[in-house]
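Q: My structure is in data_5.txt, and what it holds is compact mmCIF, C-alpha atoms:
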```txt
# COMPACT_ATOMS: atom_id res chain seq x y z
CA MET K 1 131.25 52.64 57.79
CA LYS K 2 133.66 54.62 55.60
CA PRO K 3 134.49 53.38 52.12
CA SER K 4 138.10 52.47 51.43
CA ALA K 5 140.05 54.91 49.27
CA PHE K 6 139.49 55.09 45.52
CA GLU K 7 140.28 57.30 42.57
CA TYR K 8 137.31 59.26 41.24
CA GLU K 9 136.84 59.77 37.52
CA VAL K 10 134.07 61.91 36.14
CA PRO K 11 134.16 61.62 32.35
CA GLU K 12 132.59 64.38 30.30
CA SER K 13 130.98 62.17 27.67
CA LEU K 14 129.85 58.60 27.15
CA ASP K 15 132.79 58.04 24.79
CA ALA K 16 135.20 59.26 27.44
CA ALA K 17 133.56 56.99 30.01
CA LEU K 18 133.88 53.99 27.67
CA ALA K 19 137.53 54.79 27.02
CA THR K 20 138.18 55.02 30.77
CA LEU K 21 136.48 51.67 31.34
CA ALA K 22 138.41 50.04 28.51
CA GLN K 23 141.65 51.29 30.00
CA LEU K 24 140.98 50.45 33.66
CA GLY K 25 139.25 47.09 33.22
CA ASP K 26 138.15 45.31 36.37
CA GLU K 27 139.68 47.91 38.66
CA ALA K 28 136.88 50.31 37.78
CA LYS K 29 133.26 50.37 38.86
CA LEU K 30 130.57 52.58 37.42
CA LEU K 31 128.84 54.98 39.79
CA ALA K 32 125.47 56.46 38.85
CA GLY K 33 123.05 57.35 41.68
CA GLY K 34 125.10 55.31 44.14
CA GLN K 35 122.13 54.27 46.26
CA SER K 36 123.13 50.60 46.14
CA LEU K 37 126.85 50.92 45.48
CA ILE K 38 127.70 53.44 48.21
CA PRO K 39 126.13 51.40 51.05
CA MET K 40 128.11 48.37 49.82
CA LEU K 41 131.30 50.43 49.78
CA ALA K 42 130.52 51.87 53.22
CA LEU K 43 129.96 48.40 54.66
CA ARG K 44 133.13 47.27 52.84
CA LEU K 45 131.26 44.47 51.15
CA THR K 46 133.16 45.55 48.09
CA ALA K 47 135.95 47.93 47.07
CA PHE K 48 137.30 49.30 43.80
CA GLU K 49 140.44 51.16 42.76
CA HIS K 50 138.44 53.57 40.61
CA LEU K 51 134.88 54.82 40.54
CA VAL K 52 133.75 56.18 37.19
CA ASP K 53 130.84 58.56 37.76
CA ILE K 54 128.39 58.45 34.85
CA GLY K 55 125.55 59.99 36.87
CA PRO K 56 125.99 63.50 35.44
CA LEU K 57 126.08 62.41 31.77
CA ALA K 58 123.18 64.14 29.98
CA GLU K 59 123.35 61.66 27.08
CA LEU K 60 122.35 58.88 29.50
CA LYS K 61 119.24 60.70 30.68
CA GLY K 62 115.85 61.24 29.18
CA ILE K 63 112.64 59.48 28.27
CA ARG K 64 111.31 59.23 24.75
CA ARG K 65 108.77 57.28 22.80
CA GLU K 66 110.14 55.34 19.83
CA ASP K 67 108.10 53.09 17.58
CA GLY K 68 106.59 50.49 19.85
CA PHE K 69 109.03 51.25 22.67
CA LEU K 70 109.59 53.65 25.49
CA ARG K 71 113.30 54.36 25.75
CA ILE K 72 114.60 55.49 29.12
CA GLY K 73 118.18 56.66 29.52
CA ALA K 74 120.00 54.58 32.11
CA ALA K 75 120.97 57.54 34.32
CA THR K 76 117.40 58.83 34.57
CA VAL K 77 116.59 59.08 38.27
CA ASP K 78 113.71 57.13 39.81
CA ARG K 79 111.99 60.36 40.78
CA VAL K 80 111.76 61.41 37.12
CA VAL K 81 110.58 57.98 35.97
CA GLY K 82 107.89 57.94 38.64
CA ARG K 83 106.43 61.32 37.66
CA ASP K 84 106.86 61.34 33.91
CA PRO K 85 103.51 61.52 32.04
CA GLU K 86 104.92 59.65 29.02
CA VAL K 87 105.96 56.78 31.30
CA ALA K 88 102.51 56.74 32.91
CA ALA K 89 100.87 56.61 29.48
CA SER K 90 103.22 54.12 27.80
CA VAL K 91 104.55 51.80 30.52
CA PRO K 92 102.23 52.33 33.51
CA LEU K 93 103.78 49.41 35.36
CA LEU K 94 106.92 51.53 35.89
CA THR K 95 104.82 54.32 37.38
CA LYS K 96 103.16 51.82 39.72
CA VAL K 97 106.36 50.26 41.04
CA THR K 98 108.43 53.43 41.49
CA PRO K 99 106.83 54.53 44.81
CA LEU K 100 107.80 51.11 46.23
CA ILE K 101 111.55 51.71 45.68
CA GLY K 102 113.23 52.67 48.95
CA HIS K 103 112.18 56.07 50.24
CA PHE K 104 111.73 59.38 48.44
CA GLN K 105 115.22 60.52 49.43
CA ILE K 106 116.61 57.39 47.73
CA ARG K 107 114.44 57.90 44.63
CA ASN K 108 115.84 61.42 44.29
CA ARG K 109 119.29 59.91 43.58
CA GLY K 110 118.80 56.31 42.42
CA THR K 111 118.68 55.62 38.68
CA ILE K 112 116.73 53.08 36.64
CA GLY K 113 119.86 51.84 34.87
CA GLY K 114 121.73 51.62 38.15
CA SER K 115 119.02 49.45 39.64
CA ILE K 116 118.89 47.18 36.61
CA ALA K 117 122.68 46.84 36.30
CA HIS K 118 122.96 46.21 40.05
CA ALA K 119 120.50 43.34 39.53
CA ASP K 120 119.20 42.77 43.02
CA SER K 121 116.57 40.06 42.68
CA ALA K 122 114.25 41.88 45.09
CA ALA K 123 114.39 45.18 43.18
CA GLU K 124 111.41 46.47 41.23
CA TYR K 125 112.91 47.77 37.98
CA PRO K 126 114.78 44.55 37.07
CA THR K 127 111.58 42.58 37.66
CA VAL K 128 109.52 44.91 35.47
CA ALA K 129 112.21 44.75 32.77
CA LEU K 130 112.05 40.95 32.82
CA ALA K 131 108.23 40.82 32.88
CA LEU K 132 107.83 43.19 29.94
CA ASP K 133 110.66 41.79 27.78
CA ALA K 134 112.63 45.03 27.92
CA GLU K 135 115.80 45.40 25.87
CA MET K 136 119.03 46.70 27.30
CA GLU K 137 121.04 49.06 25.11
CA VAL K 138 124.68 48.50 25.90
CA ALA K 139 127.81 50.31 24.71
CA SER K 140 131.50 49.59 24.90
CA SER K 141 134.50 51.22 23.24
CA SER K 142 134.18 48.66 20.44
CA GLY K 143 130.50 49.25 19.64
CA THR K 144 126.97 48.73 20.83
CA ARG K 145 124.69 45.75 21.32
CA THR K 146 121.23 44.98 22.65
CA ILE K 147 120.64 42.40 25.36
CA PRO K 148 117.11 41.04 25.91
CA ALA K 149 116.05 41.09 29.58
CA ASP K 150 115.81 37.28 29.72
CA GLU K 151 119.53 37.04 28.87
CA PHE K 152 120.59 39.89 31.13
CA PHE K 153 120.09 38.74 34.72
CA GLU K 154 122.48 35.90 35.57
CA SER K 155 122.65 35.67 39.35
CA THR K 156 122.73 37.79 42.51
CA TRP K 157 124.13 41.21 41.53
CA THR K 158 125.43 39.62 38.34
CA THR K 159 124.45 40.43 34.76
CA SER K 160 125.71 39.54 31.31
CA LEU K 161 127.33 42.99 30.98
CA GLU K 162 131.05 42.77 30.26
CA GLY K 163 133.51 44.76 32.36
CA ASP K 164 134.04 47.36 29.64
CA GLU K 165 130.34 47.83 28.86
CA ILE K 166 127.88 50.48 30.01
CA LEU K 167 124.12 50.04 30.11
CA THR K 168 123.06 53.21 28.29
CA ALA K 169 119.28 52.85 27.99
CA ILE K 170 116.42 50.46 28.54
CA ARG K 171 113.71 49.98 25.92
CA PHE K 172 110.33 48.90 27.30
CA PRO K 173 107.73 47.58 24.83
CA VAL K 174 104.55 49.67 24.88
CA TRP K 175 101.38 47.60 25.25
CA SER K 176 98.23 48.63 23.45
CA GLY K 177 94.59 47.50 23.63
CA ARG K 178 92.66 46.81 26.82
CA CYS K 179 95.57 46.48 29.21
CA GLY K 180 96.00 46.47 32.93
CA PHE K 181 99.02 46.22 35.22
CA GLY K 182 99.48 45.23 38.82
CA VAL K 183 102.15 45.06 41.51
CA GLU K 184 101.97 43.53 44.97
CA GLU K 185 104.75 43.24 47.52
CA LEU K 186 105.18 42.14 51.09
CA ALA K 187 107.81 44.12 53.01
CA ARG K 188 108.39 44.25 56.76
CA ARG K 189 108.44 48.06 56.66
CA HIS K 190 107.52 50.54 53.96
CA GLY K 191 110.58 51.10 51.80
CA ASP K 192 112.40 47.90 52.76
CA PHE K 193 113.32 45.43 50.07
CA ALA K 194 110.28 43.20 49.70
CA LEU K 195 110.41 39.67 51.09
CA THR K 196 108.57 38.68 47.96
CA GLY K 197 106.37 40.30 45.36
CA ALA K 198 104.92 40.09 41.88
CA VAL K 199 104.43 42.38 38.91
CA CYS K 200 102.15 41.60 36.02
CA GLY K 201 100.48 42.88 32.91
CA VAL K 202 97.42 41.56 31.06
CA GLU K 203 95.68 42.44 27.85
CA ILE K 204 92.11 41.22 27.48
CA GLY K 205 89.83 40.75 24.47
CA ASP K 206 86.23 41.82 23.98
CA SER K 207 84.77 39.02 26.06
CA GLY K 208 87.33 39.40 28.85
CA GLU K 209 89.61 36.58 27.68
CA VAL K 210 93.32 37.03 28.38
CA ARG K 211 95.16 37.69 25.11
CA ARG K 212 98.51 38.64 26.52
CA CYS K 213 100.01 38.08 29.93
CA ALA K 214 103.29 38.82 31.68
CA ILE K 215 104.15 37.78 35.23
CA ALA K 216 107.43 38.14 37.10
CA LEU K 217 108.37 37.62 40.73
CA LEU K 218 110.88 39.44 42.90
CA GLY K 219 112.77 38.23 45.94
CA MET K 220 112.10 34.63 44.99
CA ASP K 221 115.46 33.51 43.62
CA SER K 222 118.95 34.82 42.82
CA THR K 223 117.43 36.77 39.91
CA PRO K 224 113.93 38.06 39.17
CA VAL K 225 111.82 35.13 37.96
CA ARG K 226 109.56 35.08 34.91
CA ALA K 227 106.55 32.86 35.51
CA SER K 228 106.08 31.62 31.94
CA PRO K 229 103.99 28.50 32.72
CA ALA K 230 101.56 30.64 34.72
CA GLU K 231 101.32 33.09 31.83
CA SER K 232 100.53 30.29 29.36
CA ALA K 233 97.90 28.89 31.72
CA LEU K 234 95.97 32.15 31.58
CA LEU K 235 96.07 32.73 27.83
CA GLY K 236 92.70 32.47 26.13
CA ARG K 237 90.83 32.09 29.42
CA THR K 238 88.49 34.40 31.26
CA PRO K 239 89.83 33.53 34.69
CA SER K 240 87.65 33.07 37.77
CA ALA K 241 88.87 33.94 41.27
CA GLU K 242 89.78 30.24 41.78
CA ASP K 243 91.75 30.24 38.54
CA LEU K 244 93.87 33.14 39.80
CA THR K 245 94.71 31.26 43.00
CA GLU K 246 95.76 28.29 40.90
CA VAL K 247 97.87 30.48 38.61
CA GLY K 248 99.52 31.94 41.73
CA HIS K 249 100.54 28.44 42.86
CA LEU K 250 101.79 27.62 39.39
CA ALA K 251 103.83 30.84 39.21
CA VAL K 252 105.98 29.99 42.24
CA GLN K 253 106.57 26.34 41.40
CA ALA K 254 109.79 26.81 39.49
CA ALA K 255 111.24 29.41 41.89
CA ASP K 256 113.85 28.54 44.47
CA PRO K 257 113.23 31.17 47.17
CA PRO K 258 115.97 31.93 49.70
CA SER K 259 115.56 31.36 53.45
CA ASP K 260 116.84 34.03 55.78
CA LEU K 261 116.20 35.77 59.07
CA HIS K 262 113.05 37.41 57.74
CA ALA K 263 111.30 34.58 55.95
CA SER K 264 111.75 30.91 55.18
CA SER K 265 111.82 29.62 51.65
CA GLU K 266 108.44 27.97 52.14
CA TYR K 267 106.91 31.17 53.48
CA ARG K 268 108.18 33.14 50.50
CA ARG K 269 106.75 30.57 48.13
CA GLN K 270 103.36 30.64 49.80
CA VAL K 271 103.17 34.43 50.02
CA GLY K 272 104.67 34.83 46.54
CA GLY K 273 101.77 32.86 45.06
CA GLU K 274 99.33 35.12 46.87
CA MET K 275 101.16 38.21 45.57
CA VAL K 276 100.74 36.88 42.02
CA ARG K 277 97.02 36.32 42.60
CA ARG K 278 96.50 39.85 43.94
CA ALA K 279 98.62 41.53 41.25
CA LEU K 280 96.70 39.65 38.54
CA ARG K 281 93.37 40.61 40.05
CA GLN K 282 94.50 44.24 40.10
CA ALA K 283 95.64 44.06 36.48
CA LEU K 284 92.47 42.32 35.26
CA GLU K 285 90.26 44.88 37.02
CA GLU K 286 92.22 47.70 35.45
CA ALA K 287 92.04 46.13 31.99
CA ALA K 288 88.27 45.68 32.28
CA ARG K 289 87.65 49.36 33.08
CA MET M 1 144.59 58.71 46.44
CA THR M 2 144.24 61.86 44.39
CA GLU M 3 142.41 64.60 46.20
CA ARG M 4 140.01 66.72 44.23
CA LYS M 5 138.80 70.26 44.45
CA VAL M 6 135.08 70.73 45.04
CA GLU M 7 133.03 73.88 44.91
CA MET M 8 129.42 74.10 45.97
CA VAL M 9 126.93 76.43 47.60
CA VAL M 10 126.06 75.43 51.14
CA ASN M 11 123.23 77.29 52.84
CA GLY M 12 123.64 80.14 50.38
CA ARG M 13 127.39 80.46 50.84
CA ALA M 14 129.99 79.44 48.26
CA VAL M 15 132.32 76.80 49.66
CA SER M 16 135.42 75.27 48.15
CA ALA M 17 137.77 72.66 49.50
CA THR M 18 140.09 69.88 48.46
CA VAL M 19 138.87 66.47 49.54
CA GLU M 20 139.56 62.78 49.25
CA PRO M 21 137.05 61.26 46.80
CA ARG M 22 135.85 58.81 49.44
CA LYS M 23 134.71 61.58 51.75
CA THR M 24 130.93 61.53 51.94
CA LEU M 25 128.94 64.72 51.56
CA ALA M 26 127.88 64.23 55.20
CA ASP M 27 131.48 64.18 56.44
CA PHE M 28 132.33 67.12 54.19
CA LEU M 29 129.51 69.17 55.71
CA ARG M 30 130.47 68.22 59.26
CA GLU M 31 134.25 68.36 59.02
CA ASP M 32 135.06 70.84 56.27
CA CYS M 33 132.09 73.19 56.67
CA THR M 34 131.78 72.63 60.46
CA LEU M 35 128.04 72.26 59.99
CA THR M 36 127.49 69.55 62.58
CA GLY M 37 123.70 69.81 62.51
CA THR M 38 123.72 67.05 59.89
CA HIS M 39 123.88 63.88 61.96
CA LEU M 40 125.25 60.48 61.04
CA GLY M 41 123.44 57.46 62.42
CA CYS M 42 123.96 54.40 60.28
CA GLU M 43 126.18 55.73 57.48
CA HIS M 44 124.65 53.35 54.98
CA GLY M 45 121.41 54.98 53.98
CA VAL M 46 118.95 53.43 56.39
CA CYS M 47 118.30 55.90 59.21
CA GLY M 48 117.84 59.20 57.36
CA ALA M 49 119.50 61.33 60.08
CA CYS M 50 121.92 62.78 57.49
CA SER M 51 119.21 64.02 55.09
CA VAL M 52 120.05 67.31 53.37
CA MET M 53 118.63 69.08 50.35
CA LEU M 54 120.57 68.85 47.10
CA ASP M 55 119.26 71.37 44.57
CA GLY M 56 116.04 71.45 46.59
CA ASN M 57 115.50 67.67 46.84
CA ALA M 58 116.02 65.68 50.02
CA VAL M 59 118.87 63.17 49.73
CA ARG M 60 120.93 61.09 52.11
CA SER M 61 124.25 62.87 52.49
CA CYS M 62 125.94 59.61 53.59
CA LEU M 63 125.02 58.07 50.21
CA MET M 64 126.85 60.71 48.20
CA PHE M 65 130.46 61.64 47.95
CA ALA M 66 131.33 65.31 48.34
CA VAL M 67 132.89 65.19 44.86
CA GLN M 68 129.46 64.32 43.44
CA ALA M 69 128.02 67.53 44.89
CA ASP M 70 130.57 69.64 43.00
CA GLY M 71 128.72 72.51 41.35
CA HIS M 72 125.47 71.87 43.22
CA GLU M 73 123.55 73.63 45.94
CA VAL M 74 123.16 72.07 49.38
CA VAL M 75 120.88 73.12 52.22
CA THR M 76 121.40 71.60 55.66
CA VAL M 77 119.29 71.95 58.79
CA GLU M 78 121.33 75.07 59.63
CA GLY M 79 120.03 76.69 56.45
CA LEU M 80 116.31 76.31 57.14
CA ALA M 81 115.66 79.16 59.57
CA GLY M 82 114.80 82.62 58.26
CA PRO M 83 117.11 85.65 58.11
CA ASP M 84 116.42 86.61 61.73
CA ASN M 85 116.82 83.03 62.85
CA GLU M 86 113.06 82.52 63.10
CA LEU M 87 112.26 78.83 62.84
CA ASN M 88 110.76 77.61 59.60
CA PRO M 89 107.20 76.21 59.92
CA VAL M 90 108.45 72.63 60.24
CA GLN M 91 110.96 73.51 62.94
CA ALA M 92 108.36 75.57 64.83
CA ALA M 93 105.87 72.71 64.61
CA PHE M 94 108.41 70.15 65.88
CA ARG M 95 108.85 72.38 68.93
CA SER M 96 105.15 73.02 69.56
CA GLU M 97 103.98 69.46 68.86
CA HIS M 98 106.79 67.70 70.75
CA GLY M 99 108.19 66.19 67.58
CA LEU M 100 111.52 65.44 69.27
CA GLN M 101 113.02 64.02 72.42
CA CYS M 102 116.77 63.36 72.28
CA GLY M 103 117.03 65.29 69.00
CA PHE M 104 119.50 63.05 67.22
CA CYS M 105 117.21 62.18 64.32
CA THR M 106 115.55 65.61 64.24
CA PRO M 107 117.72 67.34 61.60
CA GLY M 108 116.96 64.55 59.14
CA PHE M 109 113.25 64.64 59.87
CA VAL M 110 113.08 68.44 59.64
CA VAL M 111 114.99 68.58 56.35
CA SER M 112 112.99 65.69 54.84
CA ALA M 113 109.66 67.11 55.97
CA THR M 114 110.55 70.59 54.68
CA ALA M 115 111.50 69.21 51.25
CA PHE M 116 108.38 67.04 51.22
CA LEU M 117 106.01 69.89 52.09
CA GLN M 118 107.59 72.24 49.58
CA GLU M 119 106.63 69.79 46.91
CA ASN M 120 103.40 68.50 48.39
CA PRO M 121 101.91 71.30 50.50
CA ASP M 122 98.57 69.58 51.05
CA PRO M 123 99.44 65.97 51.89
CA THR M 124 97.12 63.25 53.17
CA ASP M 125 98.06 61.55 56.45
CA GLN M 126 99.07 58.49 54.45
CA GLU M 127 101.40 60.58 52.29
CA ILE M 128 102.98 62.09 55.40
CA ARG M 129 103.58 58.62 56.81
CA GLU M 130 105.16 57.44 53.57
CA ALA M 131 107.33 60.55 53.35
CA LEU M 132 108.61 60.02 56.89
CA SER M 133 109.16 56.30 56.46
CA GLY M 134 112.76 56.89 55.40
CA ASN M 135 113.68 58.46 58.75
CA LEU M 136 114.08 56.49 61.96
CA CYS M 137 113.36 57.85 65.45
CA ARG M 138 113.99 55.72 68.52
CA CYS M 139 112.45 58.04 71.16
CA THR M 140 109.17 59.58 70.20
CA GLY M 141 107.11 56.75 68.79
CA TYR M 142 106.54 59.07 65.82
CA GLN M 143 103.13 60.41 66.90
CA GLY M 144 104.49 63.86 67.80
CA ILE M 145 106.42 63.94 64.53
CA LEU M 146 103.31 63.12 62.51
CA ARG M 147 101.39 65.85 64.35
CA ALA M 148 104.21 68.31 63.74
CA VAL M 149 104.29 67.68 59.99
CA ARG M 150 100.51 67.88 59.77
CA SER M 151 100.57 71.15 61.70
CA ALA M 152 103.43 72.51 59.54
CA ALA M 153 101.44 71.67 56.40
CA GLU M 154 98.54 73.70 57.76
CA ALA M 155 100.89 76.57 58.58
CA TYR M 156 102.28 76.52 55.02
CA ALA M 157 98.73 76.39 53.62
CA ALA M 158 97.68 79.38 55.77
CA THR M 159 100.54 81.52 54.45
CA ALA M 160 100.43 80.31 50.85
CA PRO M 161 99.40 82.88 48.24
CA GLU M 162 95.94 82.13 46.84
```
Write the structure described by the file as structure tokens, please.

A:
Amino acid sequence: MKPSAFEYEVPESLDAALATLAQLGDEAKLLAGGQSLIPMLALRLTAFEHLVDIGPLAELKGIRREDGFLRIGAATVDRVVGRDPEVAASVPLLTKVTPLIGHFQIRNRGTIGGSIAHADSAAEYPTVALALDAEMEVASSSGTRTIPADEFFESTWTTSLEGDEILTAIRFPVWSGRCGFGVEELARRHGDFALTGAVCGVEIGDSGEVRRCAIALLGMDSTPVRASPAESALLGRTPSAEDLTEVGHLAVQAADPPSDLHASSEYRRQVGGEMVRRALRQALEEAAR
Amino acid sequence: MTERKVEMVVNGRAVSATVEPRKTLADFLREDCTLTGTHLGCEHGVCGACSVMLDGNAVRSCLMFAVQADGHEVVTVEGLAGPDNELNPVQAAFRSEHGLQCGFCTPGFVVSATAFLQENPDPTDQEIREALSGNLCRCTGYQGILRAVRSAAEAYAATAPE
């Protein structure tokens, strides 16, 4: 339960951090809030020669509205995201999912960028990023690039970030109009990783028809899963309760849920569909208010 | 591995030491500061026994390295009582409401509940349950702990300035 030995680097700027990464290559791992990495080090599931601590970097923190986007610095802690009024106004889905992340002691340290770069398929922030078509701002010593969420998550704990790159910020599109958002999860205990769950957003027109729809599932595959066919099925319709059940079934069709001690694949699929139905109902009710 | 110097304020006292980077804040508090009130149960962030306050917020001291606390302020369970060693309202309520049996998990509960009530002095029962969900207790069945935190919230409310 003690991590193996490592060298600790705490660069004073993003540029210094990028230079350190470029120099150390695969021997280095970024540390931000450490709420996923440190348990893995303690359990010796992984080990690194160097940890590069970017948690204190002020230039990686902060929340600001840009045209059409809300930009959140990668090292912004969950606690701040969950309480920020600009987040609640611009990307309310983030405000809704934050209380479901671990426990409050974890949210006092964990960061949004850390969660997304760690890419656990049952984590909330990666799933919201995928559902809302967020963009990842990424830097390396040779420049910057932007990675769309649907090209970011590759597999369990694996993203398209290169070894010398740092996720610096996440840009979430801001929805306007009559919108509503929903999240539903099933977890054995409050604060556990969910067995399965769904996040969604809807925008409705004057007669209640769905004009825009985003649905993503967590815990259902090696990455968060975007339920595009289910989204298309809802567009233009004013869904009845039966329609939502059907859309729930459709949403889990393409997923390949894992089987483990806590739930079989079939159970996850069945409950996942129900989570989609409930999250959609929540979102539609909110949009209609 | 290169040891590093760390300086922090622990329970109001400036502390400095040279530590291996892999030393957790929990081990630093127990071994280097001889503050053994902070308990280690699981050492991977599940049980909450090691909860301490970092700059006023409850955190798991097993999920932080001491080097990350450099320059910060830490309060452990030993730092909660008043100047004459009178128990803080949460500690007093744990005693009066039988919020503990073996006592192993108690420091984590007391620190977490104190941090929680400082921020949310008038919680609903549901909020108390959620706040305590990150701490495990194998003896009490939690009912005494819930009563203690409820009673401590009332004690804080009674002494709060209008």

Q: When distances are computed from all atoms listed in the file, which of K:Ala129, K:Gly182, K:Pro173, K:Arg189 shows the smallest separation from chain M?

A: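 Closest to chain M of all the choices is K:Arg189.
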
Q: Using all atoms listed in the file, which chain M residues lie at most 6 Å away from chain K, written as a list in words?

A: Met1, Pro21, Arg22, Glu43, His44, Ala58, Val59, Leu63 and Gly134 of chain M

Q: Which residues, written as a PyMOL selection string, have at least one atom at most 10 Å from M:Asn57, with all atoms listed in the file counted and residues fewer than 4 positions away on the same chain left out?

A: (chain K and resi 104-105+108-109) or (chain M and resi 51-53+74-75+111-112+114-116+118-119)

Q: My list of candidates is K:Ala227, K:Ile63, K:Ala287, K:Val138. Which is closest to K:Arg178 when distances are computed with only C-alpha atoms?

A: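 Nearest to K:Arg178: K:Ala287.
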
Q: Would you be able to write out as a PyMOL selection string which residues have an atom within 12 Å of (133.2, 47.4, 22.2) in the file's coordinates, counting only C-alpha atoms?

A: chain K and resi 15+18-19+21-22+138-145+161-166

Q: Check the smallest atom-to-atom distance from each of K:Gly201, K:Gly248, K:Gly82, K:Gly114 to K:Thr98 using all atoms listed in the file, then report the winner.

A: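 Of K:Gly201, K:Gly248, K:Gly82, K:Gly114, the one nearest K:Thr98, counting all atoms listed in the file, is K:Gly82.
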
Q: Residues at most 9 Å from M:Leu29, counting all atoms listed in the file, excluding those fewer than 3 positions away in the same chain, as number ranges by chain?

A: M: 10, 24-26, 32-38, 61, 66, 76

Q: Starting from the sparse input, extend stretch 24-36 of chain M to N, CA, C and O atoms and give the output as a PDB file, in the coordinates of the input.

A:
```pdb
ATOM      1  N   THR M  24     132.353  61.364  52.253  1.00  0.00           N
ATOM      2  CA  THR M  24     130.930  61.530  51.940  1.00  0.00           C
ATOM      3  C   THR M  24     130.549  63.002  52.061  1.00  0.00           C
ATOM      4  O   THR M  24     131.232  63.782  52.734  1.00  0.00           O
ATOM      5  N   LEU M  25     129.438  63.353  51.427  1.00  0.00           N
ATOM      6  CA  LEU M  25     128.940  64.720  51.560  1.00  0.00           C
ATOM      7  C   LEU M  25     128.672  65.029  53.028  1.00  0.00           C
ATOM      8  O   LEU M  25     128.943  66.141  53.503  1.00  0.00           O
ATOM      9  N   ALA M  26     128.173  64.029  53.777  1.00  0.00           N
ATOM     10  CA  ALA M  26     127.880  64.230  55.200  1.00  0.00           C
ATOM     11  C   ALA M  26     129.151  64.613  55.967  1.00  0.00           C
ATOM     12  O   ALA M  26     129.164  65.578  56.729  1.00  0.00           O
ATOM     13  N   ASP M  27     130.232  63.865  55.748  1.00  0.00           N
ATOM     14  CA  ASP M  27     131.480  64.180  56.440  1.00  0.00           C
ATOM     15  C   ASP M  27     132.044  65.522  55.990  1.00  0.00           C
ATOM     16  O   ASP M  27     132.631  66.263  56.785  1.00  0.00           O
ATOM     17  N   PHE M  28     131.872  65.823  54.707  1.00  0.00           N
ATOM     18  CA  PHE M  28     132.330  67.120  54.190  1.00  0.00           C
ATOM     19  C   PHE M  28     131.606  68.257  54.911  1.00  0.00           C
ATOM     20  O   PHE M  28     132.214  69.230  55.340  1.00  0.00           O
ATOM     21  N   LEU M  29     130.296  68.122  55.057  1.00  0.00           N
ATOM     22  CA  LEU M  29     129.510  69.170  55.710  1.00  0.00           C
ATOM     23  C   LEU M  29     129.936  69.317  57.176  1.00  0.00           C
ATOM     24  O   LEU M  29     130.102  70.427  57.682  1.00  0.00           O
ATOM     25  N   ARG M  30     130.153  68.189  57.833  1.00  0.00           N
ATOM     26  CA  ARG M  30     130.470  68.220  59.260  1.00  0.00           C
ATOM     27  C   ARG M  30     131.909  68.678  59.510  1.00  0.00           C
ATOM     28  O   ARG M  30     132.156  69.507  60.378  1.00  0.00           O
ATOM     29  N   GLU M  31     132.840  68.122  58.716  1.00  0.00           N
ATOM     30  CA  GLU M  31     134.250  68.360  59.020  1.00  0.00           C
ATOM     31  C   GLU M  31     134.811  69.581  58.314  1.00  0.00           C
ATOM     32  O   GLU M  31     135.563  70.352  58.902  1.00  0.00           O
ATOM     33  N   ASP M  32     134.470  69.742  57.036  1.00  0.00           N
ATOM     34  CA  ASP M  32     135.060  70.840  56.270  1.00  0.00           C
ATOM     35  C   ASP M  32     134.247  72.119  56.382  1.00  0.00           C
ATOM     36  O   ASP M  32     134.803  73.209  56.281  1.00  0.00           O
ATOM     37  N   CYS M  33     132.940  71.989  56.557  1.00  0.00           N
ATOM     38  CA  CYS M  33     132.090  73.190  56.670  1.00  0.00           C
ATOM     39  C   CYS M  33     131.719  73.454  58.133  1.00  0.00           C
ATOM     40  O   CYS M  33     131.015  74.421  58.411  1.00  0.00           O
ATOM     41  N   THR M  34     132.148  72.577  59.038  1.00  0.00           N
ATOM     42  CA  THR M  34     131.780  72.630  60.460  1.00  0.00           C
ATOM     43  C   THR M  34     130.277  72.857  60.679  1.00  0.00           C
ATOM     44  O   THR M  34     129.872  73.570  61.573  1.00  0.00           O
ATOM     45  N   LEU M  35     129.495  72.220  59.822  1.00  0.00           N
ATOM     46  CA  LEU M  35     128.040  72.260  59.990  1.00  0.00           C
ATOM     47  C   LEU M  35     127.629  70.913  60.592  1.00  0.00           C
ATOM     48  O   LEU M  35     127.311  69.962  59.887  1.00  0.00           O
ATOM     49  N   THR M  36     127.681  70.846  61.914  1.00  0.00           N
ATOM     50  CA  THR M  36     127.490  69.550  62.580  1.00  0.00           C
ATOM     51  C   THR M  36     126.017  69.261  62.890  1.00  0.00           C
ATOM     52  O   THR M  36     125.709  68.314  63.596  1.00  0.00           O
TER      53      THR M  36
END
```
